[in-house]
file run22.cif (mmCIF, C-alpha atoms)
data_work
loop_
_atom_site.label_atom_id
_atom_site.label_comp_id
_atom_site.auth_asym_id
_atom_site.auth_seq_id
_atom_site.Cartn_x
_atom_site.Cartn_y
_atom_site.Cartn_z
CA MET C 1 -8.60 10.65 -26.69
CA PRO C 2 -7.30 14.06 -27.87
CA ASP C 3 -5.77 14.25 -31.33
CA GLY C 4 -2.13 15.16 -31.99
CA GLN C 5 -2.89 18.83 -32.69
CA ALA C 6 -4.82 19.17 -29.41
CA ILE C 7 -1.93 17.68 -27.46
CA LYS C 8 0.50 19.97 -29.25
CA ARG C 9 -1.66 23.04 -28.45
CA ARG C 10 -1.92 22.01 -24.79
CA PHE C 11 1.84 21.46 -24.51
CA THR C 12 2.59 24.74 -26.26
CA GLY C 13 0.22 26.64 -23.96
CA THR C 14 1.80 25.15 -20.83
CA ARG C 15 5.28 25.92 -22.12
CA ARG C 16 4.32 29.53 -22.89
CA ARG C 17 2.89 30.00 -19.38
CA SER C 18 6.08 28.60 -17.89
CA MET C 19 8.26 30.83 -20.11
CA HIS C 20 6.18 33.86 -19.15
CA PHE C 21 6.56 33.03 -15.45
CA ARG C 22 10.33 32.65 -15.89
CA ALA C 23 10.51 35.99 -17.67
CA THR C 24 8.54 37.67 -14.90
CA ILE C 25 10.89 36.26 -12.24
CA ALA C 26 13.95 37.31 -14.24
CA ALA C 27 12.69 40.89 -14.50
CA MET C 28 11.85 41.04 -10.82
CA LEU C 29 15.21 39.53 -9.87
CA ALA C 30 17.00 42.25 -11.82
CA LEU C 31 15.07 44.92 -9.91
CA ALA C 32 15.72 43.16 -6.61
CA CYS C 33 19.44 42.99 -7.25
CA ALA C 34 19.55 46.68 -8.12
CA ALA C 35 17.93 47.54 -4.79
CA ALA C 36 19.64 44.84 -2.72
CA THR C 37 21.68 47.16 -0.54
CA HIS C 38 18.63 49.17 0.42
CA ALA C 39 16.36 46.17 0.90
CA GLN C 40 18.76 44.28 3.13
CA GLY C 41 18.68 46.75 6.05
CA PHE C 42 18.79 44.51 9.11
CA ASP C 43 19.44 47.15 11.77
CA ASP C 44 16.24 49.18 11.89
CA THR C 45 15.71 51.23 15.05
CA ALA C 46 11.96 51.58 14.46
CA GLN C 47 11.57 47.80 14.09
CA PHE C 48 13.71 47.26 17.17
CA GLN C 49 11.40 49.49 19.21
CA LYS C 50 8.27 47.96 17.67
CA GLN C 51 9.28 44.42 18.55
CA LEU C 52 10.41 45.48 22.00
CA ALA C 53 6.84 46.65 22.64
CA GLU C 54 5.32 43.53 21.06
CA LEU C 55 7.20 41.24 23.44
CA SER C 56 4.93 42.50 26.24
CA THR C 57 1.72 42.87 24.20
CA THR C 58 -1.30 40.80 25.29
CA PRO C 59 -2.35 38.58 22.37
CA LEU C 60 -5.84 38.41 20.88
CA GLY C 61 -7.49 35.08 20.12
CA PRO C 62 -8.33 31.78 21.80
CA GLN C 63 -6.66 31.37 25.17
CA GLY C 64 -4.09 28.60 25.33
CA GLN C 65 -3.74 28.43 21.52
CA PRO C 66 -0.90 30.83 20.66
CA TRP C 67 -0.77 29.48 17.07
CA ALA C 68 -4.28 30.92 16.55
CA GLN C 69 -3.58 34.23 18.30
CA HIS C 70 -2.20 37.52 17.01
CA LEU C 71 -0.80 40.70 18.52
CA GLY C 72 -3.35 43.08 17.07
CA GLY C 73 -2.96 45.19 13.96
CA SER C 74 -5.16 45.34 10.88
CA MET C 75 -7.24 42.61 9.25
CA ILE C 76 -7.16 41.79 5.54
CA GLU C 77 -10.37 40.99 3.64
CA THR C 78 -10.06 37.79 1.60
CA THR C 79 -13.56 37.31 0.17
CA LYS C 80 -12.25 37.44 -3.41
CA TYR C 81 -10.19 34.31 -2.74
CA LYS C 82 -13.10 32.27 -1.35
CA LYS C 83 -13.26 28.82 -2.89
CA ASN C 84 -15.95 26.27 -2.14
CA GLY C 85 -15.27 22.57 -1.83
CA PRO C 86 -12.04 20.66 -1.20
CA VAL C 87 -8.87 22.60 -2.00
CA THR C 88 -5.23 21.91 -2.78
CA LEU C 89 -2.62 23.69 -0.69
CA CYS C 90 0.94 23.91 -1.96
CA PHE C 91 3.92 24.50 0.27
CA SER C 92 7.37 25.60 -0.92
CA ASN C 93 9.67 24.81 1.99
CA ALA C 94 13.21 26.18 2.34
CA GLY C 95 14.20 22.75 3.62
CA VAL C 96 14.40 20.44 6.60
CA PHE C 97 18.10 21.01 7.22
CA ASN C 98 17.88 21.50 10.99
CA PRO C 99 15.83 19.97 13.81
CA TRP C 100 13.64 23.06 14.19
CA ARG C 101 12.42 22.66 10.62
CA VAL C 102 11.90 18.91 11.05
CA VAL C 103 9.58 19.52 14.01
CA GLY C 104 7.88 22.37 12.16
CA LEU C 105 7.10 20.32 9.06
CA LYS C 106 5.51 17.62 11.19
CA ASN C 107 3.37 20.32 12.80
CA LEU C 108 2.26 21.62 9.41
CA GLN C 109 1.38 18.18 8.08
CA ALA C 110 -0.49 17.23 11.25
CA GLU C 111 -2.44 20.50 11.24
CA ALA C 112 -3.48 19.79 7.65
CA GLU C 113 -4.92 16.46 8.80
CA LEU C 114 -7.29 18.36 11.09
CA HIS C 115 -8.82 19.97 7.98
CA LYS C 116 -9.53 16.89 5.87
CA ASP C 117 -12.98 18.25 5.05
CA ARG C 118 -11.35 21.21 3.27
CA ILE C 119 -7.93 19.97 2.12
CA LYS C 120 -8.02 17.31 -0.56
CA GLN C 121 -4.26 17.49 -1.14
CA LEU C 122 -1.22 19.07 0.50
CA ILE C 123 1.71 19.31 -1.92
CA VAL C 124 5.07 19.86 -0.18
CA VAL C 125 8.22 20.70 -2.14
CA ASP C 126 11.63 20.84 -0.44
CA ALA C 127 14.17 23.38 -1.71
CA GLU C 128 17.00 21.63 0.18
CA GLY C 129 18.37 24.96 1.35
CA LYS C 130 19.01 26.20 -2.20
CA ASP C 131 17.65 29.50 -3.51
CA ASP C 132 17.73 28.45 -7.16
CA LYS C 133 15.80 25.27 -6.41
CA GLN C 134 13.16 27.13 -4.43
CA ILE C 135 12.69 29.63 -7.24
CA SER C 136 12.21 26.72 -9.64
CA ASP C 137 9.90 24.95 -7.18
CA ILE C 138 7.64 28.00 -6.87
CA GLU C 139 7.53 28.40 -10.64
CA SER C 140 6.56 24.75 -11.09
CA LEU C 141 3.87 24.86 -8.41
CA VAL C 142 2.27 27.98 -9.84
CA SER C 143 2.45 26.99 -13.51
CA GLY C 144 1.22 23.48 -12.69
CA GLY C 145 -2.26 24.85 -12.03
CA LYS C 146 -3.11 22.55 -9.11
CA CYS C 147 -2.58 25.00 -6.23
CA ASP C 148 -5.49 26.96 -4.78
CA ALA C 149 -3.12 28.74 -2.39
CA LEU C 150 0.65 28.83 -1.99
CA ILE C 151 2.49 28.78 1.34
CA VAL C 152 6.16 29.78 1.26
CA SER C 153 8.90 29.53 3.87
CA PRO C 154 11.76 31.32 2.04
CA ASN C 155 15.30 30.01 2.02
CA THR C 156 16.82 33.50 1.95
CA THR C 157 15.06 36.83 1.87
CA ALA C 158 16.18 38.77 -1.20
CA ALA C 159 16.79 35.86 -3.58
CA VAL C 160 13.31 34.36 -3.27
CA THR C 161 11.43 37.68 -3.34
CA PRO C 162 10.99 37.87 -7.15
CA ALA C 163 9.54 34.34 -7.31
CA VAL C 164 7.06 35.21 -4.56
CA GLU C 165 6.09 38.43 -6.32
CA ALA C 166 5.46 36.55 -9.55
CA ALA C 167 3.37 33.95 -7.72
CA CYS C 168 1.25 36.69 -6.11
CA THR C 169 -0.04 37.65 -9.56
CA LYS C 170 -1.50 34.16 -10.00
CA LEU C 171 -2.90 32.99 -6.66
CA PRO C 172 -3.11 33.84 -2.94
CA VAL C 173 0.29 33.55 -1.24
CA ILE C 174 1.08 33.25 2.46
CA VAL C 175 4.65 33.60 3.69
CA PHE C 176 5.75 32.44 7.12
CA ASP C 177 8.87 31.92 9.26
CA ARG C 178 11.30 33.90 7.10
CA GLY C 179 10.24 37.04 5.25
CA VAL C 180 10.59 38.48 1.76
CA ASN C 181 11.14 42.02 0.52
CA THR C 182 7.62 42.53 -0.78
CA LYS C 183 4.16 43.22 0.63
CA CYS C 184 2.35 41.20 -2.03
CA PRO C 185 1.57 38.11 0.08
CA ILE C 186 -1.80 38.27 1.80
CA THR C 187 -0.02 37.96 5.11
CA TYR C 188 3.38 37.18 6.57
CA ILE C 189 3.02 34.88 9.57
CA HIS C 190 5.74 35.01 12.21
CA PRO C 191 6.29 35.37 15.94
CA VAL C 192 7.41 38.79 17.14
CA GLY C 193 10.62 38.47 15.20
CA GLY C 194 14.37 38.54 15.09
CA TYR C 195 14.75 41.82 16.95
CA GLY C 196 12.57 40.37 19.71
CA TRP C 197 14.82 37.31 19.94
CA GLY C 198 17.95 39.46 20.07
CA ILE C 199 16.43 41.75 22.69
CA THR C 200 15.39 38.88 24.96
CA SER C 201 18.70 37.00 24.74
CA GLY C 202 20.91 40.09 24.58
CA ARG C 203 19.39 41.71 27.65
CA PHE C 204 19.69 38.50 29.65
CA ILE C 205 23.37 38.08 28.81
CA ALA C 206 24.11 41.75 29.45
CA SER C 207 22.42 41.48 32.86
CA LYS C 208 24.75 38.63 33.85
CA LEU C 209 28.06 40.17 32.70
CA LYS C 210 30.06 43.25 33.57
CA LYS C 211 31.47 45.91 31.28
CA GLY C 212 34.45 44.61 29.31
CA ASP C 213 33.40 40.94 29.40
CA ASN C 214 33.55 38.87 26.20
CA VAL C 215 30.74 37.38 24.14
CA LEU C 216 31.17 34.87 21.31
CA ALA C 217 28.29 34.99 18.80
CA LEU C 218 27.45 31.75 17.00
CA ARG C 219 25.16 32.10 13.98
CA ILE C 220 23.62 29.75 11.41
CA MET C 221 23.93 31.52 8.08
CA PRO C 222 23.96 35.01 6.54
CA GLY C 223 21.25 36.70 4.51
CA VAL C 224 18.11 35.50 6.35
CA ASP C 225 16.13 38.40 7.80
CA VAL C 226 15.02 36.76 11.04
CA LEU C 227 18.58 35.64 11.76
CA GLU C 228 20.31 38.88 10.78
CA THR C 229 17.96 40.93 12.95
CA ARG C 230 18.52 38.62 15.92
CA TYR C 231 22.21 39.44 15.76
CA SER C 232 21.81 43.17 15.11
CA ALA C 233 19.49 43.55 18.12
CA ALA C 234 21.76 41.59 20.44
CA LYS C 235 24.86 43.42 19.16
CA ARG C 236 23.18 46.76 19.85
CA ILE C 237 22.54 45.72 23.44
CA PHE C 238 26.07 44.35 23.91
CA ASP C 239 27.57 47.58 22.57
CA GLU C 240 25.41 49.67 24.90
CA ALA C 241 26.49 47.51 27.85
CA GLY C 242 30.17 47.82 26.95
CA LEU C 243 30.58 44.11 26.18
CA ASN C 244 33.11 42.85 23.64
CA VAL C 245 31.86 40.64 20.82
CA ILE C 246 35.09 38.74 20.21
CA GLY C 247 33.75 36.80 17.24
CA SER C 248 30.70 36.33 15.02
CA GLU C 249 30.97 32.87 13.46
CA PHE C 250 28.68 30.89 11.16
CA THR C 251 28.14 27.26 12.14
CA GLY C 252 25.74 26.04 9.45
CA SER C 253 23.78 24.32 12.25
CA ASP C 254 26.56 21.72 12.36
CA ARG C 255 27.37 20.34 15.81
CA ALA C 256 30.95 19.37 14.98
CA LYS C 257 31.66 22.77 13.42
CA THR C 258 30.08 24.58 16.38
CA LYS C 259 32.26 22.70 18.86
CA ALA C 260 35.37 23.21 16.73
CA ILE C 261 34.81 26.97 16.53
CA VAL C 262 34.49 27.27 20.30
CA GLU C 263 37.51 25.03 20.85
CA ASP C 264 39.55 27.24 18.52
CA TYR C 265 38.74 30.36 20.56
CA ILE C 266 39.56 28.54 23.79
CA ASN C 267 42.84 27.18 22.40
CA ARG C 268 43.87 30.66 21.28
CA GLY C 269 43.48 31.83 24.86
CA LYS C 270 40.32 33.83 24.27
CA LYS C 271 38.31 34.29 27.45
CA ILE C 272 34.62 33.59 26.73
CA ASP C 273 32.21 34.89 29.34
CA ALA C 274 29.06 34.23 27.32
CA ILE C 275 27.89 32.37 24.24
CA TRP C 276 25.13 34.06 22.26
CA MET C 277 23.38 32.02 19.58
CA ASP C 278 20.95 33.06 16.85
CA ALA C 279 19.52 29.51 17.01
CA GLY C 280 20.09 26.99 19.74
CA ASP C 281 20.09 23.63 17.98
CA THR C 282 23.86 23.21 18.53
CA SER C 283 24.04 24.82 21.97
CA THR C 284 24.98 21.61 23.77
CA ALA C 285 27.83 21.11 21.28
CA ALA C 286 29.16 24.55 22.21
CA LEU C 287 29.02 23.59 25.88
CA GLU C 288 30.96 20.37 25.20
CA ALA C 289 33.99 22.45 24.25
CA PHE C 290 34.06 23.93 27.75
CA GLU C 291 33.59 20.50 29.33
CA ASP C 292 36.51 19.06 27.35
CA ALA C 293 38.73 21.99 28.30
CA GLY C 294 37.85 21.68 31.98
CA LEU C 295 36.43 25.19 32.00
CA PRO C 296 33.30 26.45 33.76
CA TYR C 297 30.26 26.91 31.58
CA PRO C 298 29.67 30.43 30.24
CA VAL C 299 26.42 32.33 30.37
CA ILE C 300 24.51 31.06 27.34
CA SER C 301 21.40 31.68 25.27
CA GLY C 302 20.05 28.53 23.68
CA GLU C 303 16.58 27.64 22.46
CA ASP C 304 13.61 25.51 23.49
CA GLN C 305 14.97 22.13 22.33
CA GLN C 306 14.95 19.32 24.89
CA ASP C 307 18.68 18.55 25.07
CA PHE C 308 19.51 22.13 25.99
CA LEU C 309 16.72 22.39 28.56
CA ARG C 310 17.76 19.11 30.22
CA GLN C 311 21.43 20.14 30.44
CA TRP C 312 20.40 23.55 31.75
CA LYS C 313 18.55 21.89 34.63
CA LYS C 314 21.18 19.18 35.28
CA ASP C 315 24.22 21.47 35.24
CA LYS C 316 22.50 24.52 36.72
CA LEU C 317 23.46 26.71 33.79
CA THR C 318 23.05 30.46 33.75
CA ALA C 319 20.87 30.46 30.68
CA ILE C 320 17.81 31.61 28.79
CA ALA C 321 15.94 30.03 25.91
CA PRO C 322 14.45 32.61 23.56
CA SER C 323 12.09 31.01 21.08
CA TYR C 324 10.85 31.28 17.55
CA PRO C 325 8.05 28.81 18.21
CA THR C 326 7.48 25.96 15.80
CA TYR C 327 3.75 26.34 16.41
CA GLN C 328 3.83 28.95 13.63
CA TRP C 329 3.90 26.06 11.15
CA ARG C 330 0.34 25.28 12.30
CA THR C 331 -0.68 28.89 11.69
CA ALA C 332 0.39 28.68 8.03
CA ILE C 333 -2.23 26.01 7.36
CA ILE C 334 -4.88 27.78 9.45
CA GLY C 335 -4.22 31.03 7.58
CA ALA C 336 -4.42 29.40 4.15
CA ILE C 337 -7.76 27.77 4.99
CA ASP C 338 -9.12 31.04 6.38
CA VAL C 339 -8.17 32.82 3.15
CA LEU C 340 -9.88 30.19 0.99
CA ASP C 341 -12.91 30.40 3.29
CA GLY C 342 -13.01 34.14 2.61
CA LYS C 343 -12.45 35.06 6.26
CA PRO C 344 -10.49 38.15 7.31
CA VAL C 345 -6.95 37.37 8.49
CA PRO C 346 -4.40 39.50 10.32
CA GLY C 347 -2.26 41.28 7.77
CA PRO C 348 -0.05 42.38 6.17
CA GLU C 349 1.65 40.72 9.14
CA TRP C 350 0.17 38.03 11.37
CA ILE C 351 2.29 38.41 14.47
CA LEU C 352 2.25 35.56 16.98
CA PRO C 353 3.35 35.59 20.64
CA GLN C 354 7.04 34.83 21.20
CA PRO C 355 7.66 33.57 24.74
CA ALA C 356 11.03 32.75 26.28
CA ILE C 357 11.88 29.96 28.71
CA THR C 358 13.50 31.25 31.89
CA GLN C 359 14.82 29.64 35.05
CA ASP C 360 11.37 30.10 36.60
CA THR C 361 9.54 28.27 33.81
CA LEU C 362 12.22 25.74 32.82
CA THR C 363 10.81 22.62 34.50
CA LYS C 364 7.40 22.72 32.85
CA TYR C 365 8.96 22.60 29.37
CA ILE C 366 11.06 19.49 29.97
CA ASP C 367 9.37 16.34 28.64
CA GLU C 368 11.45 13.18 29.04
CA ARG C 369 9.28 11.36 26.51
CA MET C 370 10.52 13.55 23.66
CA PRO C 371 13.80 13.18 21.71
CA PRO C 372 16.74 15.50 22.49
CA LEU C 373 16.17 17.84 19.53
CA HIS C 374 12.43 18.23 19.97
CA TYR C 375 11.26 21.83 20.37
CA SER C 376 9.12 22.34 23.45
CA LEU C 377 7.10 25.26 22.09
CA CYS C 378 5.74 23.17 19.22
CA GLY C 379 2.12 23.57 20.28
CA CYS C 380 1.71 20.07 18.89
CA GLN C 381 0.45 18.20 21.94
CA ASP C 382 -3.14 18.16 20.63
CA LEU C 383 -2.24 17.21 17.05
CA PRO C 384 -2.83 13.77 15.48
CA GLY C 385 -0.09 11.27 16.31
CA TYR C 386 1.49 13.06 19.27
CA PRO C 387 3.98 12.14 20.67
CA GLY C 388 4.96 9.30 18.33
CA ARG C 389 4.81 11.37 15.16
CA TRP C 390 7.51 13.57 16.66
CA ASP C 391 9.54 10.47 17.64
CA GLY C 392 8.43 10.66 21.26
CA LYS C 393 7.70 7.75 23.55
CA GLN C 394 4.10 6.87 24.28
#

call {"tool": "encode", "arguments": {"input": "run22.cif", "output": "structure tokens"}}
result
Amino acid sequence: MPDGQAIKRRFTGTRRRSMHFRATIAAMLALACAAATHAQGFDDTAQFQKQLAELSTTPLGPQGQPWAQHLGGSMIETTKYKKNGPVTLCFSNAGVFNPWRVVGLKNLQAEAELHKDRIKQLIVVDAEGKDDKQISDIESLVSGGKCDALIVSPNTTAAVTPAVEAACTKLPVIVFDRGVNTKCPITYIHPVGGYGWGITSGRFIASKLKKGDNVLALRIMPGVDVLETRYSAAKRIFDEAGLNVIGSEFTGSDRAKTKAIVEDYINRGKKIDAIWMDAGDTSTAALEAFEDAGLPYPVISGEDQQDFLRQWKKDKLTAIAPSYPTYQWRTAIIGAIDVLDGKPVPGPEWILPQPAITQDTLTKYIDERMPPLHYSLCGCQDLPGYPGRWDGKQ
């Protein structure tokens, strides 16, 4: 048993490391705030054009496994991070505050089970949608000394950047889903991106409307890169087509709020020819407002969740389902293991395919076994526990 002085030295050393980490984050946060206006550019013509091209790029990698594919680019050497034996992966999650993230987390945990020979422990910490909690979570994970690699899905882009930068000085970091304003992570895993989403959905809506028609934009929250760029890309297309964006409203992924917003526009006599959404988890709630008002359904962009796909088929909607596939949650685990195996990984970005569901492909994505808010592009059908783990019927 250690003596009192040894315990005191150990406690003091841990406290100093934690204080140093806090100081590092504070300094980085000050720099980030000073450059916030520059860093938060979400309407980048070069990125728009890049993602437009990537939407039609043939992926590299195993056929039929889009979570293990990439759209070309450079490879990053990771031999210096190689670690033999069982490892501990740590995951700082923005939260599970919408159905997309619930499905994604199940994907990530199930993928980890496929690597039991390498992963002795997967530590998952939930930031509950709060930047300050996620910053604290990352600090605790890094200073705790248990993590061999850190996976981060940021809550918001700018706020979490300093914590990620500080973590990069201590261990290999992989970011996925939402980005940060730094290149220090080994790779940033994501499908084509927000501009790609906005291009796919925006072009479809523009092709179904005429000049002067009205679009209501329904959005989740501000300040998240992949959401902001979805809107900026779609807005660019609407402007070019001469469409009127009569409102850009934040719903917080809340079904009741989504429906109430649409009802308010209808009650004020606003003609809505199309609903554009930066995420489709409340798309059927938006449609309910038209049902209740006895109005025809508008053109709509939703997402690949089951309730929307089923209503699309049943009511013969004029619709498209762009996707930000939840199979990327599998890639985060695969990437972390590859790094700790010392294998090259795509970087500084690992760009995954980003398909859309159209009228021609709709039927094959409907699975009556799965719950209404299950995401069809989960890539989870071969994972342990499917479909029950995702609350599906056997």

call {"tool": "closest_residue", "arguments": {"input": "run22.cif", "among": "C:Cys184, C:Val124, C:Met370, C:Leu55", "to": "Val164 of chain C", "atoms": "only C-alpha atoms"}}
result
C:Cys184

call {"tool": "atom_distance", "arguments": {"input": "run22.cif", "atom1": "atom CA of Lys133 of chain C", "atom2": "atom CA of Ala158 of chain C"}}
result
14.5 Å

call {"tool": "resolve_selection", "arguments": {"input": "run22.cif", "expression": "the PyMOL selection byres ((chain C and resi 245) around 6)", "output": "PyMOL selection string"}}
result
chain C and resi 214-216+244+246-247

call {"tool": "resolve_selection", "arguments": {"input": "run22.cif", "expression": "the PyMOL selection byres ((chain C and resi 110) around 10)", "output": "ChimeraX atom specification"}}
result
/C:104-109,111-115,329-330,333,380,382-386,389

call {"tool": "atom_distance", "arguments": {"input": "run22.cif", "atom1": "atom CA of Thr161 of chain C", "atom2": "atom CA of Asp338 of chain C"}}
result
23.7 Å

call {"tool": "residues_near_point", "arguments": {"input": "run22.cif", "point": "(24.8, 45.5, 29.8)", "cutoff": "10 Å", "atoms": "all atoms listed in the file", "output": "list in words"}}
result
Gly202, Arg203, Phe204, Ile205, Ala206, Ser207, Lys208, Leu209, Lys210, Lys211, Gly212, Asp213, Ile237, Phe238, Asp239, Glu240, Ala241, Gly242 and Leu243 of chain C

call {"tool": "closest_residue", "arguments": {"input": "run22.cif", "among": "C:Lys364, C:Arg230, C:Arg118, C:Lys130", "to": "Ser376 of chain C", "atoms": "all atoms listed in the file"}}
result
C:Lys364
